[in-house]
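Shown next: run38.pdb, given as PDB, C-alpha atoms and all ligand atoms.
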```
ATOM      1  CA  MET N   1     149.847-111.399 -77.353
ATOM      2  CA  SER N   2     153.321-110.824 -78.857
ATOM      3  CA  ASP N   3     156.638-112.082 -77.477
ATOM      4  CA  ALA N   4     158.085-108.547 -77.361
ATOM      5  CA  PRO N   5     159.320-107.507 -73.917
ATOM      6  CA  VAL N   6     156.934-105.230 -72.017
ATOM      7  CA  HIS N   7     158.389-102.202 -70.254
ATOM      8  CA  LEU N   8     156.754 -99.524 -68.140
ATOM      9  CA  ILE N   9     158.375 -96.076 -68.035
ATOM     10  CA  ILE N  10     157.197 -93.729 -65.291
ATOM     11  CA  GLY N  11     158.059 -90.054 -65.730
ATOM     12  CA  ALA N  12     157.987 -90.771 -69.452
ATOM     13  CA  THR N  13     157.486 -87.178 -70.583
ATOM     14  CA  GLY N  14     160.807 -85.957 -69.166
ATOM     15  CA  ALA N  15     164.143 -85.820 -70.973
ATOM     16  CA  ALA N  16     165.303 -89.264 -69.790
ATOM     17  CA  GLY N  17     161.824 -90.830 -69.865
ATOM     18  CA  SER N  18     160.996 -89.761 -73.417
ATOM     19  CA  ALA N  19     164.453 -90.766 -74.723
ATOM     20  CA  THR N  20     164.100 -94.160 -73.005
ATOM     21  CA  THR N  21     160.631 -94.643 -74.501
ATOM     22  CA  ARG N  22     161.913 -93.837 -77.989
ATOM     23  CA  ARG N  23     164.921 -96.144 -77.576
ATOM     24  CA  LEU N  24     162.859 -99.106 -76.344
ATOM     25  CA  THR N  25     160.050 -98.773 -78.891
ATOM     26  CA  SER N  26     162.619 -98.422 -81.709
ATOM     27  CA  ALA N  27     164.113-101.714 -80.529
ATOM     28  CA  GLY N  28     160.714-103.408 -80.837
ATOM     29  CA  ALA N  29     159.624-103.475 -77.179
ATOM     30  CA  THR N  30     156.055-102.919 -76.076
ATOM     31  CA  VAL N  31     156.147 -99.824 -73.882
ATOM     32  CA  ALA N  32     153.603 -98.425 -71.442
ATOM     33  CA  ILE N  33     154.219 -94.813 -70.464
ATOM     34  CA  ALA N  34     153.076 -93.143 -67.262
ATOM     35  CA  GLY N  35     153.226 -89.591 -65.986
ATOM     36  CA  ARG N  36     151.171 -86.635 -64.881
ATOM     37  CA  ASP N  37     151.053 -84.599 -68.129
ATOM     38  CA  GLU N  38     148.338 -86.330 -70.158
ATOM     39  CA  GLU N  39     148.784 -84.152 -73.225
ATOM     40  CA  ALA N  40     152.525 -84.805 -73.405
ATOM     41  CA  LEU N  41     151.929 -88.526 -72.796
ATOM     42  CA  GLN N  42     149.451 -88.650 -75.702
ATOM     43  CA  ALA N  43     151.912 -86.889 -78.016
ATOM     44  CA  LEU N  44     154.680 -89.341 -77.089
ATOM     45  CA  ALA N  45     152.262 -92.255 -77.527
ATOM     46  CA  GLU N  46     151.309 -91.097 -81.012
ATOM     47  CA  GLU N  47     154.986 -90.836 -81.938
ATOM     48  CA  THR N  48     156.117 -94.168 -80.471
ATOM     49  CA  GLY N  49     153.053 -96.445 -80.274
ATOM     50  CA  ALA N  50     153.322 -96.635 -76.474
ATOM     51  CA  THR N  51     150.201 -96.984 -74.324
ATOM     52  CA  VAL N  52     149.303 -94.194 -71.899
ATOM     53  CA  HIS N  53     148.741 -94.397 -68.123
ATOM     54  CA  PRO N  54     148.218 -91.053 -66.369
ATOM     55  CA  VAL N  55     149.527 -91.188 -62.799
ATOM     56  CA  ASP N  56     150.838 -89.047 -59.975
ATOM     57  CA  ALA N  57     154.010 -90.961 -59.158
ATOM     58  CA  ARG N  58     153.867 -89.792 -55.522
ATOM     59  CA  ASP N  59     150.705 -91.871 -55.012
ATOM     60  CA  ILE N  60     151.754 -95.388 -53.947
ATOM     61  CA  SER N  61     148.338 -96.944 -54.651
ATOM     62  CA  ALA N  62     147.990 -95.249 -58.011
ATOM     63  CA  VAL N  63     151.396 -96.530 -59.133
ATOM     64  CA  GLY N  64     150.257-100.004 -58.028
ATOM     65  CA  SER N  65     147.138 -99.670 -60.181
ATOM     66  CA  VAL N  66     149.236 -98.711 -63.220
ATOM     67  CA  VAL N  67     151.452-101.783 -62.797
ATOM     68  CA  GLU N  68     148.329-103.941 -62.425
ATOM     69  CA  ALA N  69     146.800-102.418 -65.559
ATOM     70  CA  VAL N  70     149.950-103.021 -67.634
ATOM     71  CA  VAL N  71     150.190-106.660 -66.522
ATOM     72  CA  GLY N  72     146.455-107.081 -67.169
ATOM     73  CA  GLN N  73     146.752-105.583 -70.647
ATOM     74  CA  HIS N  74     149.910-107.334 -71.811
ATOM     75  CA  GLY N  75     150.074-110.443 -69.643
ATOM     76  CA  ARG N  76     153.674-109.796 -68.596
ATOM     77  CA  LEU N  77     156.056-107.158 -67.278
ATOM     78  CA  ASP N  78     159.762-107.379 -68.105
ATOM     79  CA  GLY N  79     161.040-104.001 -66.979
ATOM     80  CA  VAL N  80     160.057-100.843 -65.136
ATOM     81  CA  ALA N  81     162.029 -97.607 -64.979
ATOM     82  CA  ASN N  82     161.046 -94.805 -62.632
ATOM     83  CA  LEU N  83     162.334 -91.598 -64.210
ATOM     84  CA  ALA N  84     159.946 -89.255 -62.416
ATOM     85  CA  GLY N  85     161.772 -86.798 -60.238
ATOM     86  CA  SER N  86     162.427 -83.222 -59.294
ATOM     87  CA  VAL N  87     165.263 -81.025 -58.148
ATOM     88  CA  LEU N  88     165.400 -78.513 -55.309
ATOM     89  CA  LEU N  89     168.471 -76.306 -54.969
ATOM     90  CA  LYS N  90     168.198 -74.724 -51.522
ATOM     91  CA  PRO N  91     170.124 -74.985 -48.277
ATOM     92  CA  ALA N  92     168.273 -76.881 -45.537
ATOM     93  CA  HIS N  93     167.485 -73.738 -43.527
ATOM     94  CA  LEU N  94     165.643 -72.150 -46.470
ATOM     95  CA  THR N  95     163.729 -75.318 -47.445
ATOM     96  CA  THR N  96     160.090 -75.272 -46.359
ATOM     97  CA  PRO N  97     158.526 -78.386 -44.834
ATOM     98  CA  GLU N  98     156.282 -78.614 -47.926
ATOM     99  CA  GLU N  99     159.274 -78.466 -50.297
ATOM    100  CA  PHE N 100     161.087 -81.153 -48.330
ATOM    101  CA  HIS N 101     158.064 -83.482 -48.218
ATOM    102  CA  ASP N 102     157.372 -82.982 -51.920
ATOM    103  CA  THR N 103     161.016 -83.682 -52.815
ATOM    104  CA  ILE N 104     160.905 -86.940 -50.835
ATOM    105  CA  ALA N 105     157.515 -87.899 -52.310
ATOM    106  CA  THR N 106     158.408 -87.157 -55.914
ATOM    107  CA  ASN N 107     161.780 -88.880 -55.844
ATOM    108  CA  LEU N 108     161.848 -91.503 -53.074
ATOM    109  CA  THR N 109     158.186 -92.407 -52.510
ATOM    110  CA  SER N 110     157.696 -92.840 -56.264
ATOM    111  CA  ALA N 111     160.690 -95.194 -56.390
ATOM    112  CA  PHE N 112     159.405 -97.177 -53.416
ATOM    113  CA  ALA N 113     155.964 -97.389 -55.052
ATOM    114  CA  VAL N 114     157.537 -98.893 -58.173
ATOM    115  CA  VAL N 115     159.471-101.537 -56.246
ATOM    116  CA  ARG N 116     156.441-102.365 -54.104
ATOM    117  CA  ALA N 117     154.218-102.968 -57.123
ATOM    118  CA  ALA N 118     156.595-104.221 -59.806
ATOM    119  CA  ALA N 119     158.749-106.714 -57.893
ATOM    120  CA  PRO N 120     155.855-109.060 -57.030
ATOM    121  CA  ALA N 121     154.478-108.692 -60.572
ATOM    122  CA  MET N 122     157.834-109.948 -61.914
ATOM    123  CA  ARG N 123     158.388-112.771 -59.430
ATOM    124  CA  SER N 124     157.213-115.597 -61.682
ATOM    125  CA  ALA N 125     159.337-114.780 -64.761
ATOM    126  CA  GLY N 126     161.962-112.332 -63.451
ATOM    127  CA  GLY N 127     162.543-108.804 -64.668
ATOM    128  CA  ALA N 128     164.400-105.562 -64.131
ATOM    129  CA  ILE N 129     163.637-102.430 -62.144
ATOM    130  CA  VAL N 130     165.644 -99.258 -62.745
ATOM    131  CA  LEU N 131     165.411 -96.264 -60.412
ATOM    132  CA  ALA N 132     166.931 -92.786 -60.658
ATOM    133  CA  SER N 133     169.405 -91.684 -58.005
ATOM    134  CA  SER N 134     171.819 -88.769 -58.545
ATOM    135  CA  ALA N 135     175.511 -87.887 -58.439
ATOM    136  CA  ALA N 136     174.436 -85.488 -55.667
ATOM    137  CA  ALA N 137     173.759 -88.519 -53.442
ATOM    138  CA  GLN N 138     177.423 -89.563 -53.693
ATOM    139  CA  ILE N 139     179.346 -86.316 -53.252
ATOM    140  CA  GLY N 140     178.466 -83.284 -51.193
ATOM    141  CA  ILE N 141     177.230 -80.470 -53.420
ATOM    142  CA  PRO N 142     176.068 -77.296 -51.643
ATOM    143  CA  ASN N 143     172.319 -76.562 -51.465
ATOM    144  CA  HIS N 144     171.272 -80.131 -52.340
ATOM    145  CA  GLU N 145     170.268 -81.347 -48.843
ATOM    146  CA  ALA N 146     166.664 -82.374 -49.592
ATOM    147  CA  ILE N 147     167.263 -83.850 -53.038
ATOM    148  CA  ALA N 148     170.493 -85.569 -51.910
ATOM    149  CA  ALA N 149     168.583 -87.162 -49.007
ATOM    150  CA  ALA N 150     165.885 -88.440 -51.366
ATOM    151  CA  LYS N 151     168.359 -89.740 -53.955
ATOM    152  CA  ALA N 152     170.562 -91.376 -51.288
ATOM    153  CA  GLY N 153     167.440 -93.129 -50.006
ATOM    154  CA  ILE N 154     167.113 -94.676 -53.447
ATOM    155  CA  ILE N 155     170.560 -96.269 -53.097
ATOM    156  CA  GLY N 156     169.449 -98.028 -49.908
ATOM    157  CA  LEU N 157     166.201 -99.045 -51.579
ATOM    158  CA  VAL N 158     168.073-100.521 -54.556
ATOM    159  CA  ARG N 159     170.398-102.580 -52.363
ATOM    160  CA  SER N 160     167.666-103.949 -50.095
ATOM    161  CA  ALA N 161     165.183-104.713 -52.890
ATOM    162  CA  ALA N 162     167.933-106.414 -54.919
ATOM    163  CA  ALA N 163     168.571-108.651 -51.891
ATOM    164  CA  THR N 164     164.872-109.357 -51.289
ATOM    165  CA  TYR N 165     163.823-110.149 -54.847
ATOM    166  CA  GLY N 166     167.038-111.393 -56.492
ATOM    167  CA  ALA N 167     166.334-115.052 -55.846
ATOM    168  CA  LYS N 168     163.158-114.642 -57.930
ATOM    169  CA  GLY N 169     165.134-113.225 -60.853
ATOM    170  CA  VAL N 170     164.158-109.611 -60.225
ATOM    171  CA  ARG N 171     167.121-107.263 -60.682
ATOM    172  CA  VAL N 172     167.070-103.802 -59.097
ATOM    173  CA  ASN N 173     169.550-101.114 -60.158
ATOM    174  CA  ALA N 174     169.734 -97.338 -60.434
ATOM    175  CA  VAL N 175     171.249 -94.740 -62.684
ATOM    176  CA  ALA N 176     172.835 -91.738 -60.975
ATOM    177  CA  PRO N 177     172.885 -88.797 -63.401
ATOM    178  CA  GLY N 178     175.086 -85.737 -63.260
ATOM    179  CA  LEU N 179     173.627 -82.475 -64.532
ATOM    180  CA  VAL N 180     171.395 -83.282 -67.507
ATOM    181  CA  ASP N 181     169.743 -80.846 -69.883
ATOM    182  CA  ALA N 182     166.111 -81.523 -68.901
ATOM    183  CA  LYS N 183     162.871 -79.794 -67.955
ATOM    184  CA  MET N 184     163.831 -79.626 -64.282
ATOM    185  CA  THR N 185     167.199 -78.017 -65.051
ATOM    186  CA  ALA N 186     165.998 -75.652 -67.798
ATOM    187  CA  ARG N 187     166.623 -72.489 -65.756
ATOM    188  CA  LEU N 188     170.095 -73.566 -64.711
ATOM    189  CA  VAL N 189     171.135 -74.819 -68.152
ATOM    190  CA  GLY N 190     169.596 -71.739 -69.783
ATOM    191  CA  ASN N 191     171.882 -69.450 -67.779
ATOM    192  CA  GLU N 192     175.174 -69.585 -69.722
ATOM    193  CA  ALA N 193     177.387 -68.595 -66.769
ATOM    194  CA  GLN N 194     175.825 -71.231 -64.503
ATOM    195  CA  ALA N 195     175.867 -73.843 -67.259
ATOM    196  CA  GLU N 196     179.562 -73.219 -67.891
ATOM    197  CA  ALA N 197     180.363 -73.509 -64.166
ATOM    198  CA  SER N 198     178.413 -76.804 -64.042
ATOM    199  CA  ARG N 199     180.108 -78.096 -67.189
ATOM    200  CA  LYS N 200     183.476 -77.524 -65.519
ATOM    201  CA  MET N 201     182.459 -79.817 -62.649
ATOM    202  CA  HIS N 202     182.110 -82.718 -65.122
ATOM    203  CA  VAL N 203     185.510 -84.021 -66.197
ATOM    204  CA  LEU N 204     184.122 -85.080 -69.585
ATOM    205  CA  GLY N 205     183.440 -81.409 -70.278
ATOM    206  CA  ARG N 206     179.762 -81.375 -71.164
ATOM    207  CA  LEU N 207     176.343 -81.663 -69.567
ATOM    208  CA  GLY N 208     174.290 -84.821 -70.016
ATOM    209  CA  THR N 209     171.353 -85.462 -72.317
ATOM    210  CA  GLY N 210     168.231 -87.544 -71.963
ATOM    211  CA  GLU N 211     169.772 -89.977 -74.446
ATOM    212  CA  ASP N 212     172.816 -90.480 -72.184
ATOM    213  CA  ILE N 213     170.490 -91.594 -69.395
ATOM    214  CA  ALA N 214     168.273 -93.640 -71.724
ATOM    215  CA  ALA N 215     171.248 -95.662 -72.985
ATOM    216  CA  ALA N 216     172.142 -96.657 -69.418
ATOM    217  CA  VAL N 217     168.527 -97.393 -68.459
ATOM    218  CA  ALA N 218     168.115 -99.615 -71.538
ATOM    219  CA  PHE N 219     171.378-101.402 -70.645
ATOM    220  CA  LEU N 220     170.139-102.140 -67.119
ATOM    221  CA  LEU N 221     166.719-103.290 -68.393
ATOM    222  CA  ASP N 222     168.267-105.577 -71.016
ATOM    223  CA  PRO N 223     168.125-109.282 -70.028
ATOM    224  CA  ALA N 224     171.507-109.652 -71.774
ATOM    225  CA  ASN N 225     172.843-107.967 -68.608
ATOM    226  CA  ASP N 226     171.015-110.215 -66.198
ATOM    227  CA  TRP N 227     173.980-110.781 -63.893
ATOM    228  CA  ILE N 228     173.875-107.148 -62.804
ATOM    229  CA  THR N 229     171.885-106.187 -59.740
ATOM    230  CA  ALA N 230     172.144-103.819 -56.734
ATOM    231  CA  GLN N 231     174.269-101.380 -58.751
ATOM    232  CA  VAL N 232     174.129 -97.611 -58.907
ATOM    233  CA  LEU N 233     175.551 -96.651 -62.282
ATOM    234  CA  GLY N 234     176.918 -93.123 -62.483
ATOM    235  CA  VAL N 235     175.897 -91.563 -65.801
ATOM    236  CA  ASP N 236     177.437 -88.277 -64.909
ATOM    237  CA  GLY N 237     180.476 -87.264 -66.958
ATOM    238  CA  GLY N 238     182.523 -88.185 -63.878
ATOM    239  CA  LEU N 239     180.761 -85.803 -61.470
ATOM    240  CA  GLY N 240     180.069 -88.388 -58.753
ATOM    241  CA  GLN N 241     183.661 -89.669 -58.498
ATOM    242  CA  VAL N 242     186.142 -87.272 -60.073
ATOM    243  CA  ARG N 243     187.377 -83.874 -58.983
ATOM    244  CA  THR N 244     188.229 -81.665 -61.957
ATOM    245  CA  ARG N 245     191.323 -79.473 -62.257
ATOM    246  CA  GLY N 246     190.587 -75.900 -61.277
TER     247      GLY N 246
HETATM  248  N1  LIG N 301     168.169 -83.634 -64.996
HETATM  249  C1  LIG N 301     169.176 -83.762 -64.096
HETATM  250  O1  LIG N 301     170.163 -82.971 -64.053
HETATM  251  C2  LIG N 301     169.149 -84.897 -63.090
HETATM  252  C3  LIG N 301     170.207 -85.040 -62.198
HETATM  253  C4  LIG N 301     170.182 -86.076 -61.270
HETATM  254  C5  LIG N 301     169.096 -86.937 -61.233
HETATM  255  N2  LIG N 301     168.078 -86.766 -62.115
HETATM  256  C6  LIG N 301     166.937 -87.695 -62.048
HETATM  257  O2  LIG N 301     166.790 -88.359 -63.275
HETATM  258  C7  LIG N 301     165.398 -88.663 -63.478
HETATM  259  C8  LIG N 301     164.980 -88.165 -64.861
HETATM  260  O3  LIG N 301     164.919 -86.731 -64.850
HETATM  261  P1  LIG N 301     165.100 -85.884 -66.201
HETATM  262  O4  LIG N 301     166.512 -85.503 -66.285
HETATM  263  O5  LIG N 301     164.466 -86.613 -67.346
HETATM  264  O6  LIG N 301     164.265 -84.572 -65.830
HETATM  265  P2  LIG N 301     162.870 -84.007 -66.430
HETATM  266  O7  LIG N 301     162.982 -83.803 -67.896
HETATM  267  O8  LIG N 301     162.514 -82.818 -65.616
HETATM  268  O9  LIG N 301     161.865 -85.215 -66.143
HETATM  269  C9  LIG N 301     161.306 -85.472 -64.880
HETATM  270  C10 LIG N 301     159.958 -86.122 -65.106
HETATM  271  O10 LIG N 301     159.358 -86.417 -63.831
HETATM  272  C11 LIG N 301     157.978 -86.163 -63.971
HETATM  273  N3  LIG N 301     157.323 -85.984 -62.686
HETATM  274  C12 LIG N 301     157.641 -85.103 -61.708
HETATM  275  N4  LIG N 301     156.774 -85.233 -60.688
HETATM  276  C13 LIG N 301     155.898 -86.207 -61.048
HETATM  277  C14 LIG N 301     154.771 -86.780 -60.423
HETATM  278  N5  LIG N 301     154.377 -86.385 -59.207
HETATM  279  N6  LIG N 301     154.098 -87.745 -61.083
HETATM  280  C15 LIG N 301     154.486 -88.150 -62.310
HETATM  281  N7  LIG N 301     155.556 -87.647 -62.956
HETATM  282  C16 LIG N 301     156.237 -86.691 -62.330
HETATM  283  C17 LIG N 301     157.930 -84.889 -64.791
HETATM  284  O11 LIG N 301     156.633 -84.731 -65.290
HETATM  285  P3  LIG N 301     156.173 -83.454 -66.184
HETATM  286  O12 LIG N 301     156.526 -83.851 -67.594
HETATM  287  O13 LIG N 301     154.730 -83.381 -65.944
HETATM  288  O14 LIG N 301     156.964 -82.279 -65.666
HETATM  289  C18 LIG N 301     158.972 -85.198 -65.851
HETATM  290  O15 LIG N 301     158.404 -85.922 -66.906
HETATM  291  C19 LIG N 301     164.647 -88.009 -62.325
HETATM  292  O16 LIG N 301     164.414 -88.935 -61.304
HETATM  293  C20 LIG N 301     165.619 -86.969 -61.828
HETATM  294  O17 LIG N 301     165.408 -86.617 -60.453
HETATM  295  C21 LIG N 301     168.080 -85.790 -63.053
END
```

Please lay out the structure from this file as structure tokens.
Amino acid sequence: MSDAPVHLIIGATGAAGSATTRRLTSAGATVAIAGRDEEALQALAEETGATVHPVDARDISAVGSVVEAVVGQHGRLDGVANLAGSVLLKPAHLTTPEEFHDTIATNLTSAFAVVRAAAPAMRSAGGAIVLASSAAAQIGIPNHEAIAAAKAGIIGLVRSAAATYGAKGVRVNAVAPGLVDAKMTARLVGNEAQAEASRKMHVLGRLGTGEDIAAAVAFLLDPANDWITAQVLGVDGGLGQVRTRG
């Protein structure tokens, strides 16, 4: 077995997940990729040399089995990023029970599943867990009730898990993206009027890319930054903290 760090990326076929996979494999890491689209996972694996683990990230036991398989295969686990997620833009009164439960499962249950499985797997040698919150968990944006609730739950999860596992060298942090050009936002970003209105909400004047998120995820996974835990890093062009003019 090589000395290269071993990372697991869940939600690897999305904009942030695929950019993170490319970034880590280019830097020489061994990367396991997990997600629900087997064909897209295989294509990314062929491109990057990553190993493939099909999983529904909402399934707590299945995520546990993936973590077990990666540790079994490589003998170690240095970092896990959960970049699976969804977005639901609806006011609470128009959100169906099914939509609410699926939003919580896809975003918050998947994050909990990662912490539950990965933290004990990292206890002997330490490691880093990175979850995905959202700028929408920090400021009130209309029609984000379900997704804001799920992404705010991740902030609590990060803080508590960082406290529980920190003494064993396991760091737990999150990125909190603004609006990123991704599969889940394709309709919004594809509508020029809506995209322009969204751009104006970001003081840095542009929407995010998968690479923007990947750079921050790689930073938080990097053991060079091993005095950072319990943080929620806005990668959001300012959206979470700054009100724009006009
Ligand atoms: N894009 C944004 O504007 C934005 C804003 C705030 C927060 N975030 C968060 O940032 C993270 C990365 O998202 P992104 O920007 O890269 O969006 P994306 O391109 O839509 O990627 C999301 C990924 O999650 C995967 N996924 C969804 N449900 C899943 C499930 N049940 N099991 C396994 N995988 C599942 C999707 O799989 P498929 O490939 O099969 O669709 C996709 O690969 C997510 O947690 C997202 O909620 C994104």

I'd like a table as CSV: residues in chain N with an atom no more than 7 Å from ligand LIG 301 (chain N), each row giving the shortest atom pair and its distance in Å to one decimal, only C-alpha atoms and all ligand atoms counted, sorted by chain and rising residue number.
```
residue,atom,partner,partner_atom,distance
N:Ile10,CA,N:LIG301,N7,6.7
N:Gly11,CA,N:LIG301,C11,4.3
N:Ala12,CA,N:LIG301,O15,5.5
N:Thr13,CA,N:LIG301,O15,4.0
N:Gly14,CA,N:LIG301,O9,3.3
N:Ala15,CA,N:LIG301,O5,3.7
N:Ala16,CA,N:LIG301,O5,3.7
N:Gly17,CA,N:LIG301,O5,5.6
N:Gly35,CA,N:LIG301,C15,4.1
N:Arg36,CA,N:LIG301,C15,4.5
N:Asp37,CA,N:LIG301,O13,4.4
N:Val55,CA,N:LIG301,C15,5.8
N:Asp56,CA,N:LIG301,N6,3.7
N:Ala57,CA,N:LIG301,N6,3.7
N:Arg58,CA,N:LIG301,N5,5.0
N:Asn82,CA,N:LIG301,O16,6.9
N:Leu83,CA,N:LIG301,C7,4.3
N:Ala84,CA,N:LIG301,O10,3.2
N:Gly85,CA,N:LIG301,O16,3.6
N:Ser86,CA,N:LIG301,O17,4.7
N:Val87,CA,N:LIG301,O17,6.1
N:Thr106,CA,N:LIG301,N5,5.3
N:Asn107,CA,N:LIG301,O16,6.1
N:Ala132,CA,N:LIG301,O16,4.6
N:Ser133,CA,N:LIG301,C5,5.7
N:Ser134,CA,N:LIG301,C4,4.2
N:Ala135,CA,N:LIG301,C4,6.3
N:Ala176,CA,N:LIG301,C5,6.1
N:Pro177,CA,N:LIG301,C4,4.4
N:Gly178,CA,N:LIG301,C3,5.0
N:Leu179,CA,N:LIG301,O1,3.5
N:Val180,CA,N:LIG301,O1,3.7
N:Asp181,CA,N:LIG301,N1,5.8
N:Ala182,CA,N:LIG301,O7,4.0
N:Lys183,CA,N:LIG301,O8,3.8
N:Met184,CA,N:LIG301,O8,3.7
N:Thr185,CA,N:LIG301,N1,5.7
N:Gly210,CA,N:LIG301,O5,6.0
```

I would like the residues chosen by the PyMOL selection byres (((chain N and resi 28) around 12) and not hetatm) on the shown file; could you give them as a tab-separated table (two decimals) with C-alpha atoms, in the coordinates of the input?
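As written to disk, out.tsv reads:
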```tsv
chain	number	residue	atom	x	y	z
N	2	SER	CA	153.32	-110.82	-78.86
N	3	ASP	CA	156.64	-112.08	-77.48
N	4	ALA	CA	158.08	-108.55	-77.36
N	5	PRO	CA	159.32	-107.51	-73.92
N	6	VAL	CA	156.93	-105.23	-72.02
N	7	HIS	CA	158.39	-102.20	-70.25
N	21	THR	CA	160.63	-94.64	-74.50
N	22	ARG	CA	161.91	-93.84	-77.99
N	23	ARG	CA	164.92	-96.14	-77.58
N	24	LEU	CA	162.86	-99.11	-76.34
N	25	THR	CA	160.05	-98.77	-78.89
N	26	SER	CA	162.62	-98.42	-81.71
N	27	ALA	CA	164.11	-101.71	-80.53
N	29	ALA	CA	159.62	-103.48	-77.18
N	30	THR	CA	156.06	-102.92	-76.08
N	31	VAL	CA	156.15	-99.82	-73.88
N	48	THR	CA	156.12	-94.17	-80.47
N	49	GLY	CA	153.05	-96.44	-80.27
N	50	ALA	CA	153.32	-96.64	-76.47
```

Selection: 8 Å around Leu221 in chain N, only C-alpha atoms, excl. self and same-chain fewer than 5 positions, as a PyMOL selection string: chain N and resi 79-80+127-130

List the residues selected by the PyMOL selection byres (((chain N and resi 61) around 12) and not hetatm) in the file shown, writing them as a count of residues only. 20

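Residue nearest Ala167 in chain N, chosen from N:Ala193, N:Ala69, N:Ile104, N:Ala125 and counting all atoms listed in the file: N:Ala125.
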
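Residue selection for this entry, given the PyMOL selection byres (((chain N and resi 76) around 9) and not hetatm), comprises N:Pro5, N:Val6, N:Val70, N:Val71, N:Gly72, N:Gln73, N:His74, N:Gly75, N:Leu77, N:Asp78, N:Ala121, N:Met122, N:Ala125.
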
Which residues, protein or nucleic acid, reach to within 7 Å of (182.4, -85.1, -68.3) in the file's coordinates when using only C-alpha atoms, and can you give that as a PyMOL selection string? chain N and resi 202-206+236-238

For range 148-163 of chain N, work out the shell of residues within 6 Å, counting all atoms listed in the file and skipping chain neighbours fewer than 5 positions away, then give it as a PyMOL selection string. chain N and resi 104+108+133-134+136-137+171-173+230

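When CA of Ile9 in chain N is paired with CA of Gly126 in chain N, their separation reads 17.3 Å.
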